[in-house]
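What follows is the content of structure.cif (mmCIF, C-alpha atoms).
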```cif
data_query
#
loop_
_atom_site.label_atom_id
_atom_site.label_comp_id
_atom_site.auth_asym_id
_atom_site.auth_seq_id
_atom_site.Cartn_x
_atom_site.Cartn_y
_atom_site.Cartn_z
CA ALA G 16 8.81 -1.18 -6.60
CA LEU G 17 9.69 -4.68 -7.68
CA THR G 18 13.32 -3.60 -7.77
CA GLY G 19 14.72 -0.66 -5.91
CA PRO G 20 14.35 0.61 -2.36
CA PRO G 21 12.82 -1.63 0.32
CA MET G 22 10.50 1.11 1.62
CA PRO G 23 7.17 2.02 0.00
CA LEU G 24 7.29 4.59 -2.78
CA ALA G 25 3.91 6.13 -1.85
CA VAL G 26 1.75 5.83 1.23
CA LYS G 27 -1.67 6.65 2.60
CA ARG G 28 -2.79 5.84 6.12
CA TYR G 29 -6.27 4.83 7.26
CA ARG G 30 -7.83 3.29 10.35
CA ALA G 31 -9.50 -0.11 10.23
CA SER G 32 -12.78 1.66 10.93
CA ASP G 33 -12.34 3.58 7.63
CA LEU G 34 -12.53 0.38 5.57
CA PRO G 35 -13.52 -0.09 2.83
CA VAL G 36 -11.71 2.77 1.09
CA THR G 37 -11.15 3.79 -2.49
CA LEU G 38 -7.92 5.67 -3.02
CA THR G 39 -5.60 6.99 -5.68
CA LEU G 40 -1.83 6.81 -5.34
CA SER G 41 0.48 9.10 -7.31
CA ASP G 42 3.83 10.84 -7.10
CA ASP G 43 2.08 13.32 -4.78
CA ASN G 44 2.06 10.56 -2.12
CA ALA G 45 5.81 9.87 -2.36
CA MET G 46 7.52 9.06 0.93
CA ARG G 47 10.70 10.63 -0.44
CA PRO G 48 10.59 13.26 -3.18
CA GLU G 49 13.53 11.67 -5.00
CA LEU G 50 11.77 8.28 -5.19
CA LYS G 51 8.52 8.55 -7.13
CA MET G 52 6.28 5.87 -8.60
CA SER G 53 6.73 7.35 -12.07
CA GLN G 54 10.45 6.52 -11.95
CA PHE G 55 9.81 2.76 -11.85
CA THR G 56 8.51 0.51 -14.62
CA ASN G 57 7.10 -2.21 -12.34
CA ILE G 58 5.50 -1.76 -8.95
CA TYR G 59 3.06 -3.56 -6.70
CA ILE G 60 0.44 -2.20 -4.34
CA SER G 61 0.21 -3.50 -0.79
CA ALA G 62 -1.98 -2.88 2.22
CA LYS G 63 -1.33 -3.68 5.86
CA LEU G 64 -3.76 -3.86 8.75
CA SER G 65 -1.68 -3.37 11.87
CA LYS G 66 -2.78 -4.43 15.33
CA THR G 67 -0.74 -1.62 16.89
CA GLY G 68 -0.94 1.08 14.22
CA ASN G 69 2.84 0.96 13.96
CA VAL G 70 4.48 1.51 10.56
CA LEU G 71 6.94 -1.32 11.20
CA SER G 72 5.48 -4.76 10.53
CA LYS G 73 4.86 -6.94 13.54
CA GLU G 74 3.64 -10.51 14.02
CA GLY G 75 -0.12 -10.62 13.66
CA ASP G 76 -0.37 -7.82 11.08
CA ILE G 77 -2.45 -8.65 8.00
CA VAL G 78 -0.69 -7.83 4.74
CA VAL G 79 -1.92 -8.21 1.15
CA LYS G 80 0.03 -7.47 -2.03
CA SER G 81 -1.03 -7.08 -5.65
CA LYS G 82 0.48 -8.78 -8.65
CA PRO G 83 3.13 -6.68 -10.46
CA ILE G 84 1.77 -3.60 -12.21
CA LYS G 85 3.51 -2.17 -15.27
CA ALA G 86 3.85 1.53 -16.11
CA PRO G 87 2.12 3.71 -17.10
CA TYR G 88 0.08 3.54 -13.90
CA LYS G 89 -2.56 6.16 -14.71
CA ASN G 90 -6.12 4.77 -14.66
CA GLN G 91 -5.08 1.27 -13.60
CA LYS G 92 -7.38 -0.23 -10.99
CA VAL G 93 -6.16 -2.61 -8.29
CA VAL G 94 -8.44 -4.26 -5.75
CA LEU G 95 -7.00 -5.50 -2.47
CA LYS G 96 -9.21 -7.19 0.07
CA LEU G 97 -8.50 -7.13 3.78
CA ILE G 98 -11.20 -9.33 5.20
CA LYS G 99 -12.72 -7.97 8.39
CA THR G 100 -13.94 -10.50 10.91
CA ASN G 101 -15.41 -10.23 14.39
CA ARG G 102 -11.94 -10.79 15.85
CA GLN G 103 -10.81 -7.88 17.95
CA PHE G 104 -7.46 -6.22 17.29
#
```

Encoded form using structure tokens:
Amino acid sequence: ALTGPPMPLAVKRYRASDLPVTLTLSDDNAMRPELKMSQFTNIYISAKLSKTGNVLSKEGDIVVKSKPIKAPYKNQKVVLKLIKTNRQF
């Protein structure tokens, strides 16, 4: 959320080898049942490619973030690009 808790409202986890992926986020993916996407009027979508697979961000992780998205969120499409290179992680 643009304002609110610092942790993500909804999450899905994939491996780098799964990329590219198409996914749908909803209240069903809430990290905490009392904090759902539908409770916020402005959110952003982010993606992180972690070298270690750790949830906590570390130096060297690749992170991308969308522009703010306004509710209602249903049927809104957001494209985030994590560019894969031949560099090894």

Taking 3 positions as the minimum chain separation for residues in the same chain, which residues sit within 9 Å of Ser65 of chain G when counting only C-alpha atoms? Answer as a VMD selection string. chain G and resid 31 68 to 73 75 to 78 104

Can you turn the PyMOL selection byres ((chain G and resi 37) around 12) into a concrete residue list for this file, as a list in words?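 Checked against the file, the PyMOL selection byres ((chain G and resi 37) around 12) matches Lys27, Tyr29, Asp33, Leu34, Pro35, Val36, Leu38, Thr39, Leu40, Lys92, Val93, Val94, Leu95 and Lys96 of chain G.
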
Which polymer residues have any atom within 10 Å of an atom of Pro48 of chain G, counting all atoms listed in the file, with same-chain residues fewer than 5 positions away left out, as a tab-separated table (two decimals) with C-alpha atoms, keeping the file's coordinate frame?
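Listing of around31.tsv after writing:
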```tsv
chain	number	residue	atom	x	y	z
G	24	LEU	CA	7.29	4.59	-2.78
G	25	ALA	CA	3.91	6.13	-1.85
G	42	ASP	CA	3.83	10.84	-7.10
G	43	ASP	CA	2.08	13.32	-4.78
```

Going by the chain IDs and residue numbers used in this file, which residues fall under the PyMOL selection byres ((chain G and resi 83-88) around 7)? Write them as a short mmCIF file (atom, residue, chain, number, x, y, z; two decimals) with C-alpha atoms, keeping the file's coordinate frame.
```cif
data_model
loop_
_atom_site.label_atom_id
_atom_site.label_comp_id
_atom_site.auth_asym_id
_atom_site.auth_seq_id
_atom_site.Cartn_x
_atom_site.Cartn_y
_atom_site.Cartn_z
CA THR G 56 8.51 0.51 -14.62
CA ASN G 57 7.10 -2.21 -12.34
CA ILE G 58 5.50 -1.76 -8.95
CA TYR G 59 3.06 -3.56 -6.70
CA SER G 81 -1.03 -7.08 -5.65
CA LYS G 82 0.48 -8.78 -8.65
CA LYS G 89 -2.56 6.16 -14.71
CA ASN G 90 -6.12 4.77 -14.66
CA GLN G 91 -5.08 1.27 -13.60
#
```

Once the PyMOL selection byres ((chain G and resi 20-23) around 10) has been applied to the shown file, what residues remain in the selection, as an MDAnalysis selection string? chainID G and resid 16:19 24:26 45:47 50:52 58:61

So that I can see what lies close to Ala62 of chain G, please list as a PyMOL selection string the residues with an atom at most 7 Å from it, counting all atoms listed in the file and leaving out residues fewer than 2 positions away in the same chain. chain G and resi 64+78-80
